[in-house]
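Asker: My questions all concern the structure below.
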Amino acid sequence: MPMNYVNCSRCSDPDESNMHALVLCPFASHVWSLACFFANTNAFIDKTFIYWLKFWLINPASKIPDDKHSFFVTIQWSLWTCRNNLVFRNLQENHLYVINRSRVMLLTVRKKPQNSPTQTISYNDIWMPPTFGWIKCNIDGAFDDTTLVNGAGYVMRDFSSTTTFCASIIFEVTSAEKTEARAI
């Protein structure tokens with residue numbers, strides 16, 4: 001997502017990018033140093049965000065252990081949430097709060113069961129495109145009981161799995177059930 005001509009809300013860097021917000025900003029850099037990844041973010045000043053991800057998640061020489069991937073990703077998500085809370089809600093969060101939110105998120109993640117080679121997968125386990133000439137619309141609603149934030153997402157794909165339409169919307173509702181109903 002390009003973010004052109006936006007000053008960083010934390011350090012006033014004149015060109016905030018995803019790489020800056022999630023890695024290079026002094027605030028983000030300090031989070032990475034506290035998060036036990038020992039990331040020298042200065043080594044990535046002239047690199048792209050995709051390079052950063054590949055370096056830590058794919059490159060055999062620097063790849064973090066597989067059991068740390070989820071924590072790595074949730075830290076990025078938490079940094080982005082922290083940035084948005086500052087920009088849109090004027091809410092200041094500290095470094096440890098960002099890391100703890102990542103850890104709490106990991107506690108709520110359910111492990112996906114592993115399929116054994118002899119286990120069959122039903123059609124319900126895999127998204128199937130519609131038949132020739134048809135379009136399928138997938139819909140989901142979400143509601144947060146704590147913040148009362150809600151919304152729905154829509155994705156329409158044709159028989160070749162090509163996305164033909166996608167959208168998101170926010171409702172003025174007070175429950176998960178009402179959010180799901182409005183989404184439909």
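Identifiers for the structure tokens are assigned positionally: chains receive A, B, ... in sequence, residues are indexed from 1 per chain, and ligands are indexed from 1 in the order shown.
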Report as a ChimeraX atom specification: the residues of chain A with a DSSP assignment of strand (DSSP E), based on the backbone of this structure.
Answerer: /A:135-143,150-158,163-169
Asker: In terms of the shortest atom-to-atom distance over only C-alpha atoms, which of A:Asn42, A:Thr162, A:Ser175, A:Thr48 is closest to Asn18 of chain A?
Answerer: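 Under the stated criterion, the closest residue is A:Thr48.
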Asker: Counting only C-alpha atoms, which residue out of A:Phe132, A:Trp80, A:Phe44, A:Phe143 sits closest to Asp158 of chain A?
Answerer: A:Phe132
Asker: From the set A:Ile58, A:Leu79, A:Ile45, A:Ile184, which residue has the shortest atom-to-atom contact distance to His30 of chain A, counting only C-alpha atoms?
Answerer: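 Smallest separation from His30 of chain A among the options: A:Leu79.
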Asker: One number please: atom CA of Ser33 of chain A to atom CA of Tyr97 of chain A, in Å, one decimal.
Answerer: 14.1 Å
Asker: I'd like to know which of A:Asn100, A:Phe159, A:Ala61, A:Leu107 is closest to Trp127 of chain A, using only C-alpha atoms.
Answerer: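 With only C-alpha atoms as the atom set, the closest residue is A:Phe159.
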Asker: Please list as a CSV table (one decimal) with N, CA and C atoms, in the first residue's frame every residue within 9 Å of Cys11 of chain A, counting only C-alpha atoms and excluding residues in the same chain fewer than 3 positions away.
Answerer:
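As written to disk, part_35.csv reads:
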chain,number,residue,atom,x,y,z
A,7,ASN,N,4.0,12.4,6.6
A,7,ASN,CA,5.0,12.5,7.7
A,7,ASN,C,4.7,11.4,8.7
A,8,CYS,N,5.8,10.8,9.2
A,8,CYS,CA,5.6,9.8,10.3
A,8,CYS,C,5.1,10.5,11.5
A,14,PRO,N,9.8,12.7,6.8
A,14,PRO,CA,9.0,13.3,5.8
A,14,PRO,C,8.3,12.4,4.8
A,25,CYS,N,11.4,3.3,11.7
A,25,CYS,CA,11.1,4.4,12.6
A,25,CYS,C,11.8,4.0,14.0
A,26,PRO,N,12.4,5.0,14.6
A,26,PRO,CA,13.1,4.7,15.9
A,26,PRO,C,12.2,3.9,16.9
A,27,PHE,N,10.9,4.3,16.9
A,27,PHE,CA,10.0,3.5,17.8
A,27,PHE,C,9.9,2.1,17.4
Asker: Need to verify the contact set: segment 85-91 of chain A, 9 Å, only C-alpha atoms, exclusion of same-chain residues closer than 3 positions in sequence. Can you return it as a PyMOL selection string?
Answerer: chain A and resi 9-10+80-82
Asker: Output the selection as a PDB file, in the first residue's frame - C-alpha atoms for each residue.
Answerer:
ATOM      1  CA  SER A   9       3.424  10.627  13.279  1.00  0.00           C
ATOM      2  CA  ARG A  10       6.143   9.506  15.717  1.00  0.00           C
ATOM      3  CA  TRP A  80       0.696  -1.105  12.530  1.00  0.00           C
ATOM      4  CA  THR A  81      -2.138  -1.028  15.080  1.00  0.00           C
ATOM      5  CA  CYS A  82      -0.012   1.206  17.325  1.00  0.00           C
TER       6      CYS A  82
END
